[in-house]
Amino acid sequence: MTSKLEKKLKSKIYKRNGNIKKERRPLLYYIASFILPRWYGWKYGLKFMGLENLPKNGAFILASSHVNARDPLFVGCSSTRKMQFMAKAELFNINPFVTWAITYAGAFPVERGTGGEEAINYAIELLNSGRMVTVFIEGTRSKDGHLGKPKTGVSLLAEKTGAPVVPCAIIGENGEIPKKGGRMRINFGKPVTPEQLGITDESGMSYRRGAKNIMAEIAVLREEAVKDMDK
């Protein structure tokens with residue numbers, strides 16, 4: 001029997017957004033790329049760090065921490081490329097407009113607690129086609145700004161595709177959740193290959209080692225961002 005998630009993956013909206021062969025940025029992307037960084041800079045004190053580390057072309061996985069429901073927008077407006085990212089399947093059940101909007105923005109659904117096989121396979125297909133995929137490595141938002149335990153999905157994607165991983169830290173003042181009227185930083189690290197992360201095979205141990213090493217990179221970026229806000 002076809003699951004609800006599988007039906008969504010095959011929907012017309014999903015297919016249109018997930019044009020794997022072409023990395024096509026909708027017109028609203030260009031408008032948002034101009035407006036959102038300025039809006040969030042004013043409202044949240046957003047500043048990007050390490051933008052030069054984002055590859056201009058070719059496949060890569062952006063492995064980010066997660067502190068705010070707006071993180072996909074925060075991260076998405078940092079790049080001139082169209083960003084595809086995993087989002088919890090529940091968001092696609094709110095109403096038809098929300099489903100259209102987040103799909104248009106680059107989201108594709110993942111069923112949490114099930115292994116997310118459909119989403120993983122789709123992400124592999126995207127990466128093998130030279131696209132960029134964003135994964136919030138903790139699998140859920142932090143409630144206090146501190147880093148949580150990483151999931152192994154990023155390691156699996158890196159091992160299966162050979163795509164480099166770009167670590168990313170999102171953080172507010174004093175290492176807390178970003179707040180309106182405060183300051184926040186999004187800090188991108190240099191691309192790291194699966195081999196450099198210690199991802200050498202398909203074993204669970206290898207994936208956990210890779211996830212731990214990615215999280216260590218994110219922790220360093222987080223501290224750099226906090227220090228930058230302390231200046």
# chains A, B, ... in the order shown; residues from 1 in each chain; ligands from 1
$ select_by_dssp --residues "stretch 21-175 of chain A" --states "strand (DSSP E)" --output "ChimeraX atom specification"
/A:46-49,60-64,84-88,107-110,132-136,165-172
$ select_by_dssp --residues "stretch 32-81 of chain A" --states "helix (DSSP H, G or I)" --output "ChimeraX atom specification"
/A:32-44,51-53,71-76
$ closest_residue --among "A:Ala225, A:Ala158, A:Leu51, A:Ile102" --to "A:Val135" --atoms "only C-alpha atoms"
A:Ala158
$ residues_around --residues "A:Gly204" --least-positions-apart "2" --cutoff "12 Å" --atoms "only C-alpha atoms" --output "ChimeraX atom specification"
/A:151-153,155-156,159,199-202,206-211
$ closest_atom_pairs --of "stretch 56-139 of chain A" --to "stretch 161-172 of chain A" --cutoff "8 Å" --atoms "only C-alpha atoms" --output "CSV"
residue,atom,partner,partner_atom,distance
A:Ala59,CA,A:Ala163,CA,5.8
A:Phe60,CA,A:Ala163,CA,5.1
A:Ile61,CA,A:Val165,CA,4.8
A:Leu62,CA,A:Val166,CA,4.8
A:Ala63,CA,A:Pro167,CA,4.9
A:Ser64,CA,A:Cys168,CA,4.5
A:Ser65,CA,A:Ala169,CA,5.3
A:His66,CA,A:Ile170,CA,6.7
A:Val67,CA,A:Ile170,CA,6.9
A:Asp71,CA,A:Ile170,CA,7.9
A:Ile124,CA,A:Thr161,CA,6.5
A:Leu127,CA,A:Thr161,CA,6.7
A:Asn128,CA,A:Thr161,CA,6.3
$ closest_residue --among "A:Glu217, A:Asp144, A:Glu111, A:Asp228" --to "A:Leu91" --atoms "only C-alpha atoms"
A:Glu111
$ residues_around --residues "A:Ala69" --least-positions-apart "5" --cutoff "12 Å" --atoms "only C-alpha atoms" --output "list in words"
Phe74, Val75, Ala87, Lys88, Leu91, Phe136, Thr140, Arg141, Ser142, Lys143, Ile170, Ile177 and Pro178 of chain A
$ write_last_selection --atoms "N, CA and C atoms" --output "PDB file, in the first residue's frame"
ATOM      1  N   PHE A  74      16.452  31.493   7.080  1.00  0.00           N
ATOM      2  CA  PHE A  74      17.710  32.136   7.435  1.00  0.00           C
ATOM      3  C   PHE A  74      18.855  31.603   6.572  1.00  0.00           C
ATOM      4  N   VAL A  75      18.954  30.280   6.505  1.00  0.00           N
ATOM      5  CA  VAL A  75      20.040  29.642   5.765  1.00  0.00           C
ATOM      6  C   VAL A  75      19.827  29.791   4.257  1.00  0.00           C
ATOM      7  N   ALA A  87      12.291  18.419   5.676  1.00  0.00           N
ATOM      8  CA  ALA A  87      11.397  19.022   6.661  1.00  0.00           C
ATOM      9  C   ALA A  87      10.463  17.934   7.186  1.00  0.00           C
ATOM     10  N   LYS A  88      10.077  18.056   8.439  1.00  0.00           N
ATOM     11  CA  LYS A  88       9.230  17.020   9.026  1.00  0.00           C
ATOM     12  C   LYS A  88       7.913  16.924   8.268  1.00  0.00           C
ATOM     13  N   LEU A  91       4.546  19.093   8.574  1.00  0.00           N
ATOM     14  CA  LEU A  91       4.371  20.419   7.982  1.00  0.00           C
ATOM     15  C   LEU A  91       3.596  20.363   6.675  1.00  0.00           C
ATOM     16  N   PHE A 136      19.261  19.413   8.923  1.00  0.00           N
ATOM     17  CA  PHE A 136      19.450  19.858  10.308  1.00  0.00           C
ATOM     18  C   PHE A 136      19.843  18.617  11.105  1.00  0.00           C
ATOM     19  N   THR A 140      15.870  17.954  15.186  1.00  0.00           N
ATOM     20  CA  THR A 140      14.835  18.741  15.857  1.00  0.00           C
ATOM     21  C   THR A 140      15.459  20.043  16.337  1.00  0.00           C
ATOM     22  N   ARG A 141      14.628  21.006  16.730  1.00  0.00           N
ATOM     23  CA  ARG A 141      15.148  22.290  17.180  1.00  0.00           C
ATOM     24  C   ARG A 141      15.640  22.223  18.621  1.00  0.00           C
ATOM     25  N   SER A 142      16.706  22.966  18.881  1.00  0.00           N
ATOM     26  CA  SER A 142      17.190  23.117  20.256  1.00  0.00           C
ATOM     27  C   SER A 142      16.259  24.059  21.007  1.00  0.00           C
ATOM     28  N   LYS A 143      15.992  23.761  22.261  1.00  0.00           N
ATOM     29  CA  LYS A 143      15.106  24.598  23.066  1.00  0.00           C
ATOM     30  C   LYS A 143      15.853  25.679  23.834  1.00  0.00           C
ATOM     31  N   ILE A 170      24.040  27.991  13.717  1.00  0.00           N
ATOM     32  CA  ILE A 170      23.090  29.096  13.844  1.00  0.00           C
ATOM     33  C   ILE A 170      22.922  29.383  15.330  1.00  0.00           C
ATOM     34  N   ILE A 177      18.834  31.102  21.955  1.00  0.00           N
ATOM     35  CA  ILE A 177      17.942  31.129  20.796  1.00  0.00           C
ATOM     36  C   ILE A 177      17.882  32.564  20.266  1.00  0.00           C
ATOM     37  N   PRO A 178      17.980  32.775  18.942  1.00  0.00           N
ATOM     38  CA  PRO A 178      17.867  34.129  18.390  1.00  0.00           C
ATOM     39  C   PRO A 178      16.549  34.788  18.770  1.00  0.00           C
TER      40      PRO A 178
END
$ atom_distance --atom1 "atom CA of A:Gly41" --atom2 "atom CA of A:Gly175"
17.7 Å
$ closest_atom_pairs --of "stretch 131-217 of chain A" --to "stretch 34-38 of chain A" --cutoff "12 Å" --atoms "only C-alpha atoms" --output "tab-separated table"
residue	atom	partner	partner_atom	distance
A:Met184	CA	A:Pro37	CA	12.0
A:Arg185	CA	A:Pro37	CA	11.8
A:Ile186	CA	A:Pro37	CA	11.4
$ write_last_selection --atoms "N, CA and C atoms" --output "tab-separated table (two decimals), in the first residue's frame"
chain	number	residue	atom	x	y	z
A	184	MET	N	22.16	37.73	15.90
A	184	MET	CA	22.36	36.32	15.61
A	184	MET	C	23.42	36.16	14.52
A	185	ARG	N	24.03	34.99	14.49
A	185	ARG	CA	25.04	34.69	13.49
A	185	ARG	C	24.76	33.34	12.86
A	186	ILE	N	25.06	33.25	11.57
A	186	ILE	CA	25.09	31.96	10.87
A	186	ILE	C	26.49	31.82	10.31
$ closest_residue --among "A:Tyr104, A:Ile94, A:Ala32, A:Lys47" --to "A:Leu73" --atoms "only C-alpha atoms"
A:Ala32
$ atom_distance --atom1 "atom CA of A:Leu126" --atom2 "atom CA of A:Thr80"
17.3 Å
$ closest_residue --among "A:Phe48, A:Phe85, A:Tyr30, A:Phe188" --to "A:Phe108" --atoms "only C-alpha atoms"
A:Phe85
$ atom_distance --atom1 "atom CA of A:Asn187" --atom2 "atom CA of A:Met49"
4.5 Å
